[in-house]
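Asks: This is the structure I have questions about; it appears just below.
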Amino acid sequence: MDEFERALASLLPRLRRFAHGLTRDRADADDLTQRTAERALKARGQWQPGTNFDAWAYRIMRNLWIDTVRGRQRRDKWIAPEEEGTDVGIAGDAETQAELHFLMRAMDRLPDEQREAVALVMIEGLSYADAAEVLDVPAGTLTSRLVRGRQALVKMLGGN
Amino acid sequence: MAEQIDEAMVIAWLDGELDEVTAARVAATVASDPALRTMADAHRAIRARFATAFGPIADEPVTMPTPASAQVVSLAAVRAARAKEVAAPPARRWVVPGAIAASLLVGVLVGHGAFAPNGVGDRAGALALAAPLARALDNQLAGAPGGVRVALSFRDHGGAYCRSFTATHLSGIACRGGDRWQLRYAAPGNADTGDYRMAGGDAQQAEMVAALIAGEPLDAAAEREARERGWR
């Protein structure tokens, strides 16, 4: 493994967590993670050393997901919706899993823009600057999406 | 302190996004203002809940795809193969990307005489869709029910209209070429099992759409307009 592959390999678990926030579905998240890794390997020539690798990889995942959703929105009109992903392969006890499922359903109810901002900052812990870079939006746009998303979550879930 | 502290500022404070001086000011204000404190506690609690539920996911190992599997749908490789006019028929699915002339046809395997009684041959129009399929692509709007269902309409990089579809025994992508619908991608359908998603097939088809599409898919209005113009 060279340096690029090592960087990708060590980021993959976090990318997969981001995928859970984005897709709100475990099977989709695993699939998206693999596709992101493959795409990143193929596109490695486009990454410039010295620039933010994490932001670059998160952006690949986010863009792949947008393409996936776009394709599905058209397809779902005529194809039976996919079976809900199975719960295998996720660590944690039943209660943790139920909580994760519950929070993913809450994420479902956010508009896409707010969801990705929340997933990057609140779940992934990216700085506002990095998240804005991933999403390719100005800092102010990122902040307002993030704040609206967080407000909506507080409303949905209560404060405690 | 006259400064107004709003929810965005409280959240930025919780996220560690404020400089030291501002953070200290917000902390002091929040501590002395019950309403702000309640707001901050609510956001802190939500963040903690997500951290607890999502955190463990990042502790699980993830397998790196092998470089070999990353090459499976390498368009560069496909293009290189096409440039050399190499016939390379994979076992079940085949891919003919890009603007393509019949003379450049890659060997194809489409069973059951979907196009011609003797299968697809190396002749002009070999990949032109048969009349019932072509009629469906001429007339049907995306999402409409029927034996042939169109998923997506779009333009390719050459400006030709393309449509992805699923029929009973065949699913694929066809683009206008020489006044006909020419297949650009096809996979055998799986109507017997009622599974139109054809495990794996959709992903490849989506990859093909991604490779072919220029801009966005047509919306309903643009699609109707294209139909009225005969997809020219």
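So you can find residues: chains in the structure tokens are A, B, ... in the order shown, residues in each start at 1, and ligands are numbered from 1 in order.
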Which residues come within 12 Å of Ala203 of chain B, counting only C-alpha atoms, excluding same-chain residues fewer than 6 positions away, as a tab-separated table (two decimals) with N, CA and C atoms, in the first residue's frame?

Replies:
```tsv
chain	number	residue	atom	x	y	z
A	31	ASP	N	-22.58	-0.02	0.52
A	31	ASP	CA	-22.41	0.03	-0.92
A	31	ASP	C	-21.74	1.33	-1.35
A	32	LEU	N	-22.23	2.43	-0.79
A	32	LEU	CA	-21.68	3.74	-1.13
A	32	LEU	C	-20.22	3.84	-0.70
A	35	ARG	N	-18.14	1.95	-3.24
A	35	ARG	CA	-18.07	2.68	-4.51
A	35	ARG	C	-17.18	3.92	-4.39
A	64	LEU	N	-21.22	11.05	-5.36
A	64	LEU	CA	-21.73	9.75	-5.79
A	64	LEU	C	-23.14	9.52	-5.26
A	67	ASP	N	-25.70	11.42	-7.26
A	67	ASP	CA	-25.99	10.71	-8.51
A	67	ASP	C	-26.92	9.53	-8.27
A	68	THR	N	-26.64	8.81	-7.19
A	68	THR	CA	-27.45	7.64	-6.86
A	68	THR	C	-28.90	8.04	-6.61
A	71	GLY	N	-30.67	9.13	-9.80
A	71	GLY	CA	-31.06	7.97	-10.60
A	71	GLY	C	-32.27	7.28	-10.01
A	72	ARG	N	-32.25	7.16	-8.70
A	72	ARG	CA	-33.35	6.44	-8.05
A	72	ARG	C	-34.66	7.18	-8.12
B	73	VAL	N	-15.04	-1.43	-13.89
B	73	VAL	CA	-15.78	-0.58	-14.81
B	73	VAL	C	-14.92	0.58	-15.26
B	172	GLY	N	-31.84	-1.68	-20.84
B	172	GLY	CA	-30.67	-1.05	-21.44
B	172	GLY	C	-30.82	0.44	-21.63
B	187	ALA	N	-28.59	-5.36	-20.96
B	187	ALA	CA	-28.40	-6.52	-20.11
B	187	ALA	C	-29.65	-7.36	-20.21
B	197	ARG	N	-34.78	-5.06	-10.75
B	197	ARG	CA	-33.57	-4.36	-10.38
B	197	ARG	C	-32.33	-5.14	-10.80
B	209	VAL	N	-25.10	5.41	-17.72
B	209	VAL	CA	-25.80	6.69	-17.84
B	209	VAL	C	-24.85	7.81	-17.45
B	210	ALA	N	-24.13	7.60	-16.35
B	210	ALA	CA	-23.21	8.63	-15.88
B	210	ALA	C	-22.15	8.94	-16.95
```

Asks: As a compact mmCIF listing (two decimals) with N, CA, C and O atoms, in the first residue's frame, please: every residue in segment 31-135 of chain A that a backbone DSSP assignment puts in alpha helix (DSSP H).

Replies:
```
# COMPACT_ATOMS: atom_id res chain seq x y z
N ASP A 31 -22.58 -0.02 0.52
CA ASP A 31 -22.41 0.03 -0.92
C ASP A 31 -21.74 1.33 -1.35
O ASP A 31 -20.79 1.35 -2.13
N LEU A 32 -22.23 2.43 -0.79
CA LEU A 32 -21.68 3.74 -1.13
C LEU A 32 -20.22 3.84 -0.70
O LEU A 32 -19.38 4.43 -1.40
N THR A 33 -19.89 3.24 0.44
CA THR A 33 -18.51 3.28 0.92
C THR A 33 -17.58 2.58 -0.07
O THR A 33 -16.52 3.09 -0.43
N GLN A 34 -18.00 1.40 -0.51
CA GLN A 34 -17.16 0.66 -1.46
C GLN A 34 -17.03 1.42 -2.78
O GLN A 34 -15.95 1.51 -3.35
N ARG A 35 -18.14 1.95 -3.24
CA ARG A 35 -18.07 2.68 -4.51
C ARG A 35 -17.18 3.92 -4.39
O ARG A 35 -16.47 4.29 -5.33
N THR A 36 -17.26 4.57 -3.23
CA THR A 36 -16.43 5.76 -3.01
C THR A 36 -14.95 5.38 -3.02
O THR A 36 -14.13 6.06 -3.64
N ALA A 37 -14.63 4.27 -2.36
CA ALA A 37 -13.24 3.83 -2.31
C ALA A 37 -12.74 3.51 -3.72
O ALA A 37 -11.63 3.90 -4.11
N GLU A 38 -13.58 2.83 -4.48
CA GLU A 38 -13.19 2.49 -5.85
C GLU A 38 -12.99 3.75 -6.69
O GLU A 38 -12.02 3.87 -7.44
N ARG A 39 -13.94 4.67 -6.55
CA ARG A 39 -13.84 5.89 -7.33
C ARG A 39 -12.59 6.68 -6.94
O ARG A 39 -11.88 7.21 -7.80
N ALA A 40 -12.32 6.73 -5.64
CA ALA A 40 -11.15 7.48 -5.17
C ALA A 40 -9.87 6.85 -5.72
O ALA A 40 -8.95 7.56 -6.14
N LEU A 41 -9.82 5.53 -5.74
CA LEU A 41 -8.62 4.86 -6.28
C LEU A 41 -8.45 5.17 -7.76
O LEU A 41 -7.34 5.41 -8.24
N LYS A 42 -9.57 5.17 -8.45
CA LYS A 42 -9.49 5.44 -9.89
C LYS A 42 -9.12 6.89 -10.16
O LYS A 42 -8.48 7.19 -11.15
N PHE A 53 -7.02 15.94 1.87
CA PHE A 53 -7.41 14.63 1.37
C PHE A 53 -8.82 14.24 1.86
O PHE A 53 -9.65 13.74 1.10
N ASP A 54 -9.06 14.47 3.16
CA ASP A 54 -10.35 14.08 3.72
C ASP A 54 -11.49 14.78 2.98
O ASP A 54 -12.48 14.15 2.59
N ALA A 55 -11.35 16.08 2.78
CA ALA A 55 -12.40 16.84 2.11
C ALA A 55 -12.61 16.30 0.69
O ALA A 55 -13.74 16.18 0.22
N TRP A 56 -11.52 15.96 0.05
CA TRP A 56 -11.58 15.41 -1.33
C TRP A 56 -12.37 14.11 -1.34
O TRP A 56 -13.26 13.91 -2.18
N ALA A 57 -12.07 13.23 -0.39
CA ALA A 57 -12.74 11.92 -0.35
C ALA A 57 -14.21 12.06 0.07
O ALA A 57 -15.09 11.42 -0.51
N TYR A 58 -14.47 12.90 1.05
CA TYR A 58 -15.87 13.14 1.44
C TYR A 58 -16.67 13.68 0.27
O TYR A 58 -17.84 13.34 0.07
N ARG A 59 -16.02 14.53 -0.52
CA ARG A 59 -16.73 15.12 -1.65
C ARG A 59 -17.08 14.06 -2.70
O ARG A 59 -18.16 14.05 -3.27
N ILE A 60 -16.15 13.14 -2.92
CA ILE A 60 -16.44 12.05 -3.86
C ILE A 60 -17.67 11.28 -3.39
O ILE A 60 -18.58 10.99 -4.16
N MET A 61 -17.69 10.96 -2.10
CA MET A 61 -18.82 10.19 -1.57
C MET A 61 -20.12 10.96 -1.72
O MET A 61 -21.13 10.43 -2.16
N ARG A 62 -20.07 12.22 -1.37
CA ARG A 62 -21.29 13.02 -1.42
C ARG A 62 -21.79 13.15 -2.86
O ARG A 62 -23.00 13.03 -3.12
N ASN A 63 -20.90 13.34 -3.80
CA ASN A 63 -21.33 13.47 -5.20
C ASN A 63 -21.86 12.15 -5.75
O ASN A 63 -22.84 12.13 -6.51
N LEU A 64 -21.22 11.05 -5.36
CA LEU A 64 -21.73 9.75 -5.79
C LEU A 64 -23.14 9.52 -5.26
O LEU A 64 -24.00 8.98 -5.95
N TRP A 65 -23.36 9.95 -4.03
CA TRP A 65 -24.68 9.76 -3.45
C TRP A 65 -25.74 10.60 -4.16
O TRP A 65 -26.85 10.15 -4.41
N ILE A 66 -25.37 11.82 -4.51
CA ILE A 66 -26.30 12.67 -5.25
C ILE A 66 -26.69 11.98 -6.57
O ILE A 66 -27.87 11.93 -6.93
N ASP A 67 -25.70 11.42 -7.26
CA ASP A 67 -25.99 10.71 -8.51
C ASP A 67 -26.92 9.53 -8.27
O ASP A 67 -27.84 9.27 -9.04
N THR A 68 -26.64 8.81 -7.19
CA THR A 68 -27.45 7.64 -6.86
C THR A 68 -28.90 8.04 -6.61
O THR A 68 -29.83 7.43 -7.14
N VAL A 69 -29.08 9.08 -5.83
CA VAL A 69 -30.43 9.52 -5.49
C VAL A 69 -31.16 10.00 -6.73
O VAL A 69 -32.32 9.67 -6.97
N ARG A 70 -30.43 10.76 -7.55
CA ARG A 70 -31.04 11.28 -8.77
C ARG A 70 -31.52 10.13 -9.67
O ARG A 70 -32.61 10.16 -10.20
N GLY A 71 -30.67 9.13 -9.80
CA GLY A 71 -31.06 7.97 -10.60
C GLY A 71 -32.27 7.28 -10.01
O GLY A 71 -33.19 6.89 -10.72
N ARG A 72 -32.25 7.16 -8.70
CA ARG A 72 -33.35 6.44 -8.05
C ARG A 72 -34.66 7.18 -8.12
O ARG A 72 -35.72 6.58 -8.26
N GLN A 73 -34.59 8.49 -8.00
CA GLN A 73 -35.84 9.25 -8.02
C GLN A 73 -36.60 9.00 -9.30
O GLN A 73 -37.81 8.94 -9.30
N ARG A 74 -35.84 8.85 -10.40
CA ARG A 74 -36.52 8.55 -11.64
C ARG A 74 -36.95 7.09 -11.67
O ARG A 74 -38.05 6.75 -12.08
N ARG A 75 -36.07 6.22 -11.22
CA ARG A 75 -36.36 4.79 -11.28
C ARG A 75 -37.48 4.38 -10.37
O ARG A 75 -38.30 3.54 -10.70
N ALA A 94 -28.65 -4.24 20.81
CA ALA A 94 -29.92 -3.93 20.16
C ALA A 94 -30.35 -2.49 20.42
O ALA A 94 -30.87 -1.82 19.53
N GLU A 95 -30.09 -2.05 21.61
CA GLU A 95 -30.54 -0.70 21.97
C GLU A 95 -29.80 0.36 21.17
O GLU A 95 -30.39 1.31 20.65
N THR A 96 -28.49 0.16 21.03
CA THR A 96 -27.69 1.09 20.24
C THR A 96 -28.17 1.10 18.80
O THR A 96 -28.27 2.15 18.17
N GLN A 97 -28.48 -0.10 18.29
CA GLN A 97 -28.93 -0.19 16.91
C GLN A 97 -30.28 0.48 16.72
O GLN A 97 -30.51 1.14 15.71
N ALA A 98 -31.15 0.29 17.69
CA ALA A 98 -32.47 0.92 17.60
C ALA A 98 -32.32 2.44 17.63
O ALA A 98 -32.99 3.15 16.88
N GLU A 99 -31.42 2.91 18.46
CA GLU A 99 -31.19 4.35 18.56
C GLU A 99 -30.63 4.90 17.23
O GLU A 99 -31.06 5.93 16.73
N LEU A 100 -29.68 4.15 16.66
CA LEU A 100 -29.11 4.56 15.37
C LEU A 100 -30.21 4.63 14.31
O LEU A 100 -30.31 5.59 13.56
N HIS A 101 -31.03 3.59 14.29
CA HIS A 101 -32.12 3.54 13.33
C HIS A 101 -33.05 4.74 13.53
O HIS A 101 -33.45 5.42 12.58
N PHE A 102 -33.35 5.02 14.77
CA PHE A 102 -34.24 6.13 15.11
C PHE A 102 -33.65 7.47 14.64
O PHE A 102 -34.36 8.29 14.05
N LEU A 103 -32.37 7.65 14.88
CA LEU A 103 -31.74 8.91 14.48
C LEU A 103 -31.64 9.02 12.96
O LEU A 103 -31.74 10.11 12.40
N MET A 104 -31.45 7.88 12.30
CA MET A 104 -31.41 7.93 10.84
C MET A 104 -32.78 8.32 10.28
O MET A 104 -32.88 9.01 9.27
N ARG A 105 -33.85 7.86 10.95
CA ARG A 105 -35.19 8.26 10.51
C ARG A 105 -35.39 9.76 10.71
O ARG A 105 -36.02 10.43 9.91
N ALA A 106 -34.80 10.29 11.79
CA ALA A 106 -34.89 11.74 12.00
C ALA A 106 -34.14 12.47 10.88
O ALA A 106 -34.61 13.48 10.36
N MET A 107 -32.98 11.93 10.50
CA MET A 107 -32.21 12.54 9.40
C MET A 107 -32.99 12.49 8.09
O MET A 107 -32.85 13.38 7.25
N ASP A 108 -33.79 11.43 7.93
CA ASP A 108 -34.64 11.31 6.74
C ASP A 108 -35.47 12.57 6.51
O ASP A 108 -35.75 12.94 5.38
N ASP A 112 -32.17 17.53 1.96
CA ASP A 112 -30.84 17.02 1.63
C ASP A 112 -29.71 17.97 2.06
O ASP A 112 -28.71 17.54 2.62
N GLU A 113 -29.88 19.23 1.75
CA GLU A 113 -28.80 20.20 2.02
C GLU A 113 -28.50 20.30 3.50
O GLU A 113 -27.35 20.43 3.91
N GLN A 114 -29.55 20.25 4.30
CA GLN A 114 -29.33 20.36 5.74
C GLN A 114 -28.74 19.06 6.27
O GLN A 114 -27.88 19.06 7.14
N ARG A 115 -29.21 17.94 5.72
CA ARG A 115 -28.73 16.64 6.20
C ARG A 115 -27.24 16.48 5.99
O ARG A 115 -26.50 16.05 6.86
N GLU A 116 -26.77 16.88 4.79
CA GLU A 116 -25.34 16.67 4.53
C GLU A 116 -24.49 17.62 5.38
O GLU A 116 -23.42 17.24 5.84
N ALA A 117 -25.00 18.81 5.63
CA ALA A 117 -24.26 19.74 6.50
C ALA A 117 -24.18 19.18 7.92
O ALA A 117 -23.12 19.19 8.56
N VAL A 118 -25.32 18.68 8.40
CA VAL A 118 -25.35 18.11 9.75
C VAL A 118 -24.44 16.89 9.85
O VAL A 118 -23.68 16.73 10.81
N TYR A 128 -16.20 23.88 10.03
CA TYR A 128 -17.11 24.54 9.09
C TYR A 128 -16.41 24.77 7.75
O TYR A 128 -17.01 24.60 6.68
N ALA A 129 -15.13 25.15 7.83
CA ALA A 129 -14.39 25.43 6.59
C ALA A 129 -14.26 24.18 5.74
O ALA A 129 -14.48 24.21 4.52
N ASP A 130 -13.93 23.05 6.38
CA ASP A 130 -13.78 21.80 5.62
C ASP A 130 -15.12 21.36 5.05
O ASP A 130 -15.21 20.89 3.91
N ALA A 131 -16.17 21.47 5.85
CA ALA A 131 -17.49 21.05 5.38
C ALA A 131 -17.93 21.90 4.19
O ALA A 131 -18.48 21.40 3.21
N ALA A 132 -17.65 23.21 4.27
CA ALA A 132 -18.00 24.10 3.16
C ALA A 132 -17.22 23.70 1.91
O ALA A 132 -17.74 23.74 0.79
N GLU A 133 -15.98 23.26 2.11
CA GLU A 133 -15.15 22.83 0.98
C GLU A 133 -15.73 21.55 0.35
O GLU A 133 -15.82 21.43 -0.87
N VAL A 134 -16.13 20.62 1.21
CA VAL A 134 -16.71 19.37 0.69
C VAL A 134 -17.94 19.67 -0.15
O VAL A 134 -18.14 19.13 -1.22
N LEU A 135 -18.78 20.57 0.37
CA LEU A 135 -20.05 20.83 -0.29
C LEU A 135 -19.92 21.91 -1.37
O LEU A 135 -20.87 22.17 -2.10
```

Asks: If we count only C-alpha atoms, which residues of chain B reach to within 7 Å of chain A? Please list them as a ChimeraX atom specification.

Replies: /B:8,41-43,45-47,50-51,53-54,57-62,64-65,70,143,145,151-152,196

Asks: Let's have the selection written as a PDB file, in the first residue's frame, with N, CA and C atoms.

Replies:
```
ATOM      1  N   ALA B   8     -27.280  30.466  16.038  1.00  0.00           N
ATOM      2  CA  ALA B   8     -26.135  30.089  15.199  1.00  0.00           C
ATOM      3  C   ALA B   8     -24.833  30.230  15.980  1.00  0.00           C
ATOM      4  N   ASP B  41     -28.159  23.526  25.939  1.00  0.00           N
ATOM      5  CA  ASP B  41     -28.266  22.152  26.455  1.00  0.00           C
ATOM      6  C   ASP B  41     -28.953  21.234  25.447  1.00  0.00           C
ATOM      7  N   ALA B  42     -29.991  21.770  24.814  1.00  0.00           N
ATOM      8  CA  ALA B  42     -30.719  20.964  23.827  1.00  0.00           C
ATOM      9  C   ALA B  42     -29.791  20.567  22.682  1.00  0.00           C
ATOM     10  N   HIS B  43     -29.025  21.528  22.175  1.00  0.00           N
ATOM     11  CA  HIS B  43     -28.114  21.217  21.063  1.00  0.00           C
ATOM     12  C   HIS B  43     -27.002  20.278  21.508  1.00  0.00           C
ATOM     13  N   ALA B  45     -27.219  18.046  23.817  1.00  0.00           N
ATOM     14  CA  ALA B  45     -27.799  16.704  24.007  1.00  0.00           C
ATOM     15  C   ALA B  45     -27.971  15.993  22.668  1.00  0.00           C
ATOM     16  N   ILE B  46     -28.444  16.739  21.672  1.00  0.00           N
ATOM     17  CA  ILE B  46     -28.616  16.136  20.341  1.00  0.00           C
ATOM     18  C   ILE B  46     -27.275  15.678  19.798  1.00  0.00           C
ATOM     19  N   ARG B  47     -26.290  16.533  19.941  1.00  0.00           N
ATOM     20  CA  ARG B  47     -24.980  16.171  19.411  1.00  0.00           C
ATOM     21  C   ARG B  47     -24.444  14.927  20.111  1.00  0.00           C
ATOM     22  N   PHE B  50     -26.156  11.754  18.782  1.00  0.00           N
ATOM     23  CA  PHE B  50     -25.631  11.324  17.484  1.00  0.00           C
ATOM     24  C   PHE B  50     -24.232  10.729  17.626  1.00  0.00           C
ATOM     25  N   ALA B  51     -23.442  11.339  18.508  1.00  0.00           N
ATOM     26  CA  ALA B  51     -22.081  10.827  18.699  1.00  0.00           C
ATOM     27  C   ALA B  51     -22.134   9.404  19.252  1.00  0.00           C
ATOM     28  N   ALA B  53     -24.591   7.202  18.959  1.00  0.00           N
ATOM     29  CA  ALA B  53     -25.173   6.236  18.012  1.00  0.00           C
ATOM     30  C   ALA B  53     -24.282   6.021  16.786  1.00  0.00           C
ATOM     31  N   PHE B  54     -23.709   7.094  16.268  1.00  0.00           N
ATOM     32  CA  PHE B  54     -22.928   6.976  15.025  1.00  0.00           C
ATOM     33  C   PHE B  54     -21.449   6.699  15.284  1.00  0.00           C
ATOM     34  N   ILE B  57     -19.679   3.291  14.567  1.00  0.00           N
ATOM     35  CA  ILE B  57     -19.549   2.870  13.161  1.00  0.00           C
ATOM     36  C   ILE B  57     -18.122   3.108  12.680  1.00  0.00           C
ATOM     37  N   ALA B  58     -17.559   4.227  13.113  1.00  0.00           N
ATOM     38  CA  ALA B  58     -16.210   4.570  12.640  1.00  0.00           C
ATOM     39  C   ALA B  58     -15.134   3.707  13.299  1.00  0.00           C
ATOM     40  N   ASP B  59     -15.527   2.878  14.271  1.00  0.00           N
ATOM     41  CA  ASP B  59     -14.560   1.963  14.877  1.00  0.00           C
ATOM     42  C   ASP B  59     -14.523   0.622  14.162  1.00  0.00           C
ATOM     43  N   GLU B  60     -15.476   0.412  13.271  1.00  0.00           N
ATOM     44  CA  GLU B  60     -15.513  -0.875  12.577  1.00  0.00           C
ATOM     45  C   GLU B  60     -14.572  -0.851  11.386  1.00  0.00           C
ATOM     46  N   PRO B  61     -13.876  -1.949  11.183  1.00  0.00           N
ATOM     47  CA  PRO B  61     -12.954  -1.994  10.048  1.00  0.00           C
ATOM     48  C   PRO B  61     -13.721  -2.023   8.726  1.00  0.00           C
ATOM     49  N   VAL B  62     -13.154  -1.426   7.720  1.00  0.00           N
ATOM     50  CA  VAL B  62     -13.739  -1.456   6.376  1.00  0.00           C
ATOM     51  C   VAL B  62     -12.686  -1.995   5.416  1.00  0.00           C
ATOM     52  N   MET B  64     -10.692  -2.388   2.165  1.00  0.00           N
ATOM     53  CA  MET B  64     -10.360  -1.622   0.961  1.00  0.00           C
ATOM     54  C   MET B  64     -10.684  -2.461  -0.256  1.00  0.00           C
ATOM     55  N   PRO B  65     -11.298  -1.867  -1.265  1.00  0.00           N
ATOM     56  CA  PRO B  65     -11.466  -2.635  -2.496  1.00  0.00           C
ATOM     57  C   PRO B  65     -10.087  -2.903  -3.086  1.00  0.00           C
ATOM     58  N   ALA B  70     -11.390  -2.321  -8.534  1.00  0.00           N
ATOM     59  CA  ALA B  70     -11.574  -0.921  -8.917  1.00  0.00           C
ATOM     60  C   ALA B  70     -11.488  -0.749 -10.419  1.00  0.00           C
ATOM     61  N   GLY B 143     -41.384   6.840 -16.513  1.00  0.00           N
ATOM     62  CA  GLY B 143     -42.214   6.555 -15.358  1.00  0.00           C
ATOM     63  C   GLY B 143     -43.559   5.966 -15.703  1.00  0.00           C
ATOM     64  N   PRO B 145     -46.307   3.340 -16.863  1.00  0.00           N
ATOM     65  CA  PRO B 145     -46.315   1.885 -16.782  1.00  0.00           C
ATOM     66  C   PRO B 145     -46.455   1.264 -18.164  1.00  0.00           C
ATOM     67  N   ALA B 151     -36.997   4.747 -17.864  1.00  0.00           N
ATOM     68  CA  ALA B 151     -36.600   5.296 -16.575  1.00  0.00           C
ATOM     69  C   ALA B 151     -36.159   6.738 -16.685  1.00  0.00           C
ATOM     70  N   LEU B 152     -35.366   6.991 -17.710  1.00  0.00           N
ATOM     71  CA  LEU B 152     -34.657   8.254 -17.720  1.00  0.00           C
ATOM     72  C   LEU B 152     -34.436   8.687 -19.162  1.00  0.00           C
ATOM     73  N   TYR B 196     -36.954  -6.454 -11.266  1.00  0.00           N
ATOM     74  CA  TYR B 196     -36.496  -5.579 -12.332  1.00  0.00           C
ATOM     75  C   TYR B 196     -35.195  -4.890 -11.967  1.00  0.00           C
TER      76      TYR B 196
END
```

Asks: Pick from B:Leu141, B:Val150, B:Ala24, B:Leu212: nearest to Ala226 of chain B, with only C-alpha atoms counted?

Replies: B:Leu141

Asks: Which polymer residues have any atom within 9 Å of an atom of Glu216 of chain B, counting only C-alpha atoms, with same-chain residues fewer than 3 positions away left out, as a PyMOL selection string?

Replies: chain B and resi 154-155+213+219

Asks: In Å, with one decimal, what is the gap from atom CA of Gly140 of chain A to atom CA of Ile5 of chain B?

Replies: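 Distance between the two atoms: 16.6 Å.
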